[in-house]
Amino acid sequence: MSTLTIEDLTVAYGDGAPVLDGLDLHIGDGTVLALLGANGAGKTTLLRALTGLVPAGGRVLLDGADLTGTATEDRVRGGLALVPEGRSTVVELTVEENLRLGALWRHRGAARRAAVAEMYELFEPLARRRHAPGHTLSGGERQMLALARALIARPDVLLLDEPSLGLAPLVVAQLLGVLRETASRRGLTVLLAEQNVTGALSVADRGVVLSLGEVVADRPAAALAADPALRHAYLGF
Ligand SMILES: Nc1ncnc2c1ncn2[C@@H]1O[C@H](COP(=O)(O)OP(=O)(O)O)[C@@H](O)[C@H]1O
Ligand SMILES: [Mg+2]
């Protein structure tokens, strides 16, 4: 269980105008937050800034502890996990090897085997393909593996960048369903960046819309989903 507090977060690339401009956001324990916004709104930049992969002004607090200036690996050890866009599995390794790799620093021996088995329970398609090399997996299986590899390290805060991109609707529903269930069961705090607004809001507690580096809407997910004017203004449909 963890809370994430973002204060006055500002990111600019090179000499350009800020991509995120004084962003404030508080994400409570066990909340699934859908991070929405048109292409280029700054969703990926926010997730990368939270993990320390891009330099940022302002402060990021995890359970009140200031992460500002700390290295990415320390943030990961502190409980943050990022699943970047593009299904980052190691394609030369099998499903099982990928999972064991994800569990490496967190679990040992029997605990590691138990953690791998738990992921197979959550993601049944992965259990069937445990000895398959990463490059032979379908897009959906690969995204499941990327998610499982993050979850196996038992993060407190999970940052997901467009997990549904390019996947069939049925696969998206399955993936987001497992995410919602796991978040509820473990009290996981989730930041789900998505252009799939309907899918993201269907599993989220709360939705935040980014536009031009700022938060332009912050509401319960159901209220946001029911507001066509807002969707039209900021999300392009
Ligand atoms: N490495 C980079 N260098 C320069 N500009 C970048 C870089 N990454 C992203 N940007 C710019 O920052 C803005 C936000 O991008 P991004 O965070 O990827 O948005 P989103 O994930 O919401 O599509 C865009 O205008 C994009 O062109
Ligand atoms: Mg992005």
# chains A, B, ... in the order shown; residues from 1 in each chain; ligands from 1
$ residues_near_ligand --ligand "ligand 1" --cutoff "8 Å" --atoms "only C-alpha atoms and all ligand atoms" --output "ChimeraX atom specification"
/A:12-14,16,19,36-46,161,193,210
$ write_last_selection --atoms "C-alpha atoms" --output "tab-separated table (two decimals), in the first residue's frame"
chain	number	residue	atom	x	y	z
A	12	ALA	CA	11.38	20.22	-20.36
A	13	TYR	CA	13.41	18.51	-23.06
A	14	GLY	CA	16.49	20.52	-24.07
A	16	GLY	CA	12.10	23.56	-25.32
A	19	VAL	CA	6.18	19.42	-21.43
A	36	LEU	CA	-5.50	10.25	-20.13
A	37	GLY	CA	-4.63	12.80	-22.77
A	38	ALA	CA	-4.08	13.10	-26.49
A	39	ASN	CA	-0.91	11.90	-28.14
A	40	GLY	CA	1.91	14.20	-26.99
A	41	ALA	CA	0.10	15.35	-23.83
A	42	GLY	CA	2.98	14.23	-21.61
A	43	LYS	CA	1.77	10.89	-20.20
A	44	THR	CA	4.98	9.00	-20.96
A	45	THR	CA	7.05	11.95	-19.76
A	46	LEU	CA	5.24	11.88	-16.42
A	161	ASP	CA	2.41	3.03	-20.29
A	193	ALA	CA	-1.51	5.86	-19.03
A	210	LEU	CA	-3.48	15.94	-19.17
$ select_by_dssp --residues "region 1-209 of chain A" --states "alpha helix (DSSP H)" --output "PyMOL selection string"
chain A and resi 43-50+72-77+95-103+109-122+124-128+139-151+169-186+197-203
$ select_by_dssp --residues "region 102-216 of chain A" --states "strand (DSSP E)" --output "NGL selection string"
:A and (157-161 or 189-193 or 206-211 or 214-216)
$ residues_around --residues "region 69-81 of chain A" --least-positions-apart "4" --cutoff "6 Å" --atoms "only C-alpha atoms" --output "PyMOL selection string"
chain A and resi 51-52+155-159
$ closest_residue --among "A:Val116, A:Ala168, A:Leu126, A:Ala183" --to "Ile152 (chain A)" --atoms "only C-alpha atoms"
A:Val116
$ closest_residue --among "A:Leu4, A:Val209, A:Val197, A:Leu167" --to "Leu25 (chain A)" --atoms "only C-alpha atoms"
A:Leu4
$ residues_around --residues "Asn196 (chain A)" --least-positions-apart "3" --cutoff "12 Å" --atoms "only C-alpha atoms" --output "short mmCIF file (atom, residue, chain, number, x, y, z; two decimals) with N, CA and C atoms, in the first residue's frame"
data_model
loop_
_atom_site.label_atom_id
_atom_site.label_comp_id
_atom_site.auth_asym_id
_atom_site.auth_seq_id
_atom_site.Cartn_x
_atom_site.Cartn_y
_atom_site.Cartn_z
N ALA A 34 -6.50 6.39 -14.05
CA ALA A 34 -6.32 6.42 -15.50
C ALA A 34 -5.73 7.78 -15.87
N LEU A 35 -4.58 7.73 -16.52
CA LEU A 35 -3.90 8.95 -16.95
C LEU A 35 -4.17 9.12 -18.44
N LEU A 36 -5.02 10.11 -18.76
CA LEU A 36 -5.50 10.25 -20.13
C LEU A 36 -4.95 11.53 -20.75
N GLY A 37 -5.10 11.62 -22.05
CA GLY A 37 -4.63 12.80 -22.77
C GLY A 37 -4.24 12.42 -24.17
N ALA A 38 -4.39 13.36 -25.08
CA ALA A 38 -4.08 13.10 -26.49
C ALA A 38 -2.62 12.72 -26.65
N ASN A 39 -2.29 12.20 -27.80
CA ASN A 39 -0.91 11.90 -28.14
C ASN A 39 -0.07 13.16 -27.94
N ASP A 161 2.50 2.12 -19.15
CA ASP A 161 2.41 3.03 -20.29
C ASP A 161 1.72 2.35 -21.47
N GLU A 162 0.48 2.71 -21.71
CA GLU A 162 -0.31 2.23 -22.85
C GLU A 162 -0.24 0.72 -23.06
N PRO A 163 -0.62 -0.04 -22.05
CA PRO A 163 -0.55 -1.50 -22.22
C PRO A 163 -1.49 -2.04 -23.29
N SER A 164 -2.55 -1.31 -23.63
CA SER A 164 -3.53 -1.88 -24.56
C SER A 164 -3.22 -1.55 -26.02
N LEU A 165 -2.17 -0.78 -26.24
CA LEU A 165 -1.84 -0.33 -27.60
C LEU A 165 -1.68 -1.51 -28.56
N GLY A 166 -2.47 -1.51 -29.62
CA GLY A 166 -2.32 -2.51 -30.67
C GLY A 166 -2.88 -3.88 -30.35
N LEU A 167 -3.56 -4.03 -29.22
CA LEU A 167 -4.10 -5.34 -28.86
C LEU A 167 -5.59 -5.44 -29.21
N ALA A 168 -6.04 -6.65 -29.48
CA ALA A 168 -7.45 -6.89 -29.78
C ALA A 168 -8.30 -6.61 -28.54
N PRO A 169 -9.52 -6.11 -28.75
CA PRO A 169 -10.39 -5.74 -27.62
C PRO A 169 -10.55 -6.82 -26.55
N VAL A 172 -7.41 -6.95 -24.51
CA VAL A 172 -7.35 -5.76 -23.66
C VAL A 172 -8.22 -5.95 -22.43
N ALA A 173 -9.44 -6.46 -22.66
CA ALA A 173 -10.37 -6.66 -21.54
C ALA A 173 -9.79 -7.64 -20.52
N LEU A 176 -6.74 -5.86 -18.67
CA LEU A 176 -7.17 -4.83 -17.73
C LEU A 176 -7.94 -5.45 -16.56
N LEU A 192 -2.22 4.31 -14.81
CA LEU A 192 -2.44 3.64 -16.09
C LEU A 192 -2.57 4.69 -17.19
N ALA A 193 -1.47 4.91 -17.92
CA ALA A 193 -1.51 5.86 -19.03
C ALA A 193 -2.13 5.15 -20.23
N GLY A 199 -11.55 1.81 -22.13
CA GLY A 199 -10.98 0.66 -21.42
C GLY A 199 -10.38 1.08 -20.10
N ALA A 200 -9.60 2.15 -20.11
CA ALA A 200 -8.92 2.58 -18.89
C ALA A 200 -9.93 3.01 -17.83
N LEU A 201 -10.94 3.78 -18.24
CA LEU A 201 -11.92 4.27 -17.25
C LEU A 201 -12.80 3.13 -16.72
N SER A 202 -12.91 2.06 -17.50
CA SER A 202 -13.75 0.96 -17.04
C SER A 202 -13.12 0.20 -15.87
N VAL A 203 -11.81 0.30 -15.70
CA VAL A 203 -11.16 -0.38 -14.56
C VAL A 203 -10.61 0.59 -13.53
N ALA A 225 -16.14 9.23 -17.61
CA ALA A 225 -16.62 8.43 -18.74
C ALA A 225 -17.96 8.94 -19.25
N ARG A 231 -14.62 14.58 -23.12
CA ARG A 231 -13.97 13.65 -24.05
C ARG A 231 -13.70 14.35 -25.37
N LEU A 235 -9.89 14.70 -25.63
CA LEU A 235 -9.49 13.35 -26.02
C LEU A 235 -9.83 13.05 -27.47
N GLY A 236 -10.45 14.01 -28.14
CA GLY A 236 -10.61 13.91 -29.59
C GLY A 236 -11.68 12.95 -30.07
N PHE A 237 -12.65 12.61 -29.20
CA PHE A 237 -13.76 11.81 -29.73
C PHE A 237 -15.00 12.04 -28.88
#
$ closest_residue --among "A:Leu224, A:Val208, A:Leu33, A:Leu47" --to "ligand 2" --atoms "only C-alpha atoms and all ligand atoms"
A:Leu47
$ residues_around --residues "Ile27 (chain A)" --least-positions-apart "4" --cutoff "10 Å" --atoms "only C-alpha atoms" --output "PyMOL selection string"
chain A and resi 2-6+31-33+62+157+189-191+206
$ closest_residue --among "A:Pro228, A:Ala153, A:Pro220, A:Glu121" --to "Arg106 (chain A)" --atoms "only C-alpha atoms"
A:Ala153
$ closest_residue --among "A:Leu175, A:Val83, A:Ala229, A:Ala146" --to "ligand 2" --atoms "only C-alpha atoms and all ligand atoms"
A:Val83
$ closest_residue --among "A:Val171, A:Leu160, A:Val54, A:Ala223" --to "Pro125 (chain A)" --atoms "only C-alpha atoms"
A:Val171
$ atom_distance --atom1 "CA of Glu214 (chain A)" --atom2 "CA of Glu85 (chain A)"
21.5 Å
$ residues_around --residues "His107 (chain A)" --least-positions-apart "4" --cutoff "10 Å" --atoms "only C-alpha atoms" --output "VMD selection string"
chain A and resid 100 102 to 103 111 to 116 152 to 154
$ decode --residues "region 56-90 of chain A" --atoms "N, CA and C atoms" --output "compact mmCIF listing (two decimals), in the first residue's frame"
# COMPACT_ATOMS: atom_id res chain seq x y z
N ALA A 56 13.60 16.13 -13.62
CA ALA A 56 12.38 16.92 -13.42
C ALA A 56 12.57 17.88 -12.26
N GLY A 57 11.91 19.04 -12.36
CA GLY A 57 11.84 19.96 -11.23
C GLY A 57 10.64 19.60 -10.39
N GLY A 58 10.61 20.07 -9.15
CA GLY A 58 9.50 19.76 -8.26
C GLY A 58 9.84 18.57 -7.38
N ARG A 59 8.79 17.99 -6.77
CA ARG A 59 9.04 16.88 -5.84
C ARG A 59 8.13 15.70 -6.11
N VAL A 60 8.67 14.51 -5.86
CA VAL A 60 7.88 13.28 -5.91
C VAL A 60 8.05 12.58 -4.56
N LEU A 61 6.94 12.31 -3.89
CA LEU A 61 7.00 11.65 -2.58
C LEU A 61 6.30 10.30 -2.64
N LEU A 62 6.99 9.27 -2.15
CA LEU A 62 6.39 7.94 -2.06
C LEU A 62 6.19 7.64 -0.58
N ASP A 63 4.95 7.54 -0.16
CA ASP A 63 4.64 7.39 1.27
C ASP A 63 5.34 8.45 2.10
N GLY A 64 5.37 9.65 1.58
CA GLY A 64 5.95 10.76 2.31
C GLY A 64 7.46 10.90 2.17
N ALA A 65 8.13 9.86 1.64
CA ALA A 65 9.59 9.93 1.48
C ALA A 65 9.92 10.63 0.16
N ASP A 66 10.80 11.60 0.23
CA ASP A 66 11.14 12.40 -0.95
C ASP A 66 12.06 11.62 -1.89
N LEU A 67 11.62 11.40 -3.10
CA LEU A 67 12.42 10.66 -4.08
C LEU A 67 13.28 11.59 -4.94
N THR A 68 13.07 12.87 -4.79
CA THR A 68 13.74 13.84 -5.64
C THR A 68 15.26 13.60 -5.63
N GLY A 69 15.82 13.47 -6.82
CA GLY A 69 17.27 13.30 -6.93
C GLY A 69 17.75 11.88 -6.69
N THR A 70 16.86 10.94 -6.38
CA THR A 70 17.31 9.56 -6.17
C THR A 70 17.38 8.82 -7.50
N ALA A 71 18.23 7.79 -7.53
CA ALA A 71 18.44 7.03 -8.76
C ALA A 71 17.25 6.13 -9.04
N THR A 72 17.06 5.81 -10.33
CA THR A 72 15.96 4.94 -10.75
C THR A 72 15.96 3.62 -9.98
N GLU A 73 17.14 3.01 -9.82
CA GLU A 73 17.18 1.69 -9.16
C GLU A 73 16.73 1.79 -7.71
N ASP A 74 17.02 2.92 -7.07
CA ASP A 74 16.57 3.09 -5.68
C ASP A 74 15.05 3.26 -5.62
N ARG A 75 14.48 3.92 -6.62
CA ARG A 75 13.02 4.07 -6.67
C ARG A 75 12.37 2.72 -6.89
N VAL A 76 12.98 1.90 -7.73
CA VAL A 76 12.44 0.56 -7.99
C VAL A 76 12.50 -0.28 -6.71
N ARG A 77 13.63 -0.23 -6.02
CA ARG A 77 13.75 -0.95 -4.75
C ARG A 77 12.78 -0.42 -3.71
N GLY A 78 12.47 0.86 -3.83
CA GLY A 78 11.52 1.49 -2.90
C GLY A 78 10.06 1.14 -3.20
N GLY A 79 9.82 0.45 -4.34
CA GLY A 79 8.46 -0.02 -4.60
C GLY A 79 7.80 0.50 -5.86
N LEU A 80 8.53 1.27 -6.67
CA LEU A 80 7.96 1.75 -7.94
C LEU A 80 8.31 0.77 -9.06
N ALA A 81 7.36 0.50 -9.93
CA ALA A 81 7.66 -0.33 -11.10
C ALA A 81 7.08 0.32 -12.34
N LEU A 82 7.85 0.34 -13.41
CA LEU A 82 7.38 0.89 -14.68
C LEU A 82 7.32 -0.20 -15.74
N VAL A 83 6.17 -0.33 -16.38
CA VAL A 83 6.08 -1.17 -17.58
C VAL A 83 6.02 -0.20 -18.76
N PRO A 84 7.15 -0.01 -19.44
CA PRO A 84 7.17 0.98 -20.52
C PRO A 84 6.32 0.56 -21.70
N GLU A 85 6.05 1.53 -22.56
CA GLU A 85 5.32 1.24 -23.78
C GLU A 85 6.12 0.25 -24.62
N GLY A 86 5.44 -0.65 -25.30
CA GLY A 86 6.14 -1.51 -26.24
C GLY A 86 6.53 -2.87 -25.70
N ARG A 87 5.92 -3.31 -24.61
CA ARG A 87 6.06 -4.71 -24.16
C ARG A 87 7.49 -5.17 -24.02
N SER A 88 8.16 -4.59 -23.04
CA SER A 88 9.59 -4.81 -22.89
C SER A 88 9.92 -6.17 -22.29
N THR A 89 9.76 -7.20 -23.06
CA THR A 89 10.24 -8.49 -22.59
C THR A 89 11.55 -8.78 -23.29
N VAL A 90 12.32 -9.65 -22.68
CA VAL A 90 13.58 -10.04 -23.31
C VAL A 90 13.24 -11.16 -24.28
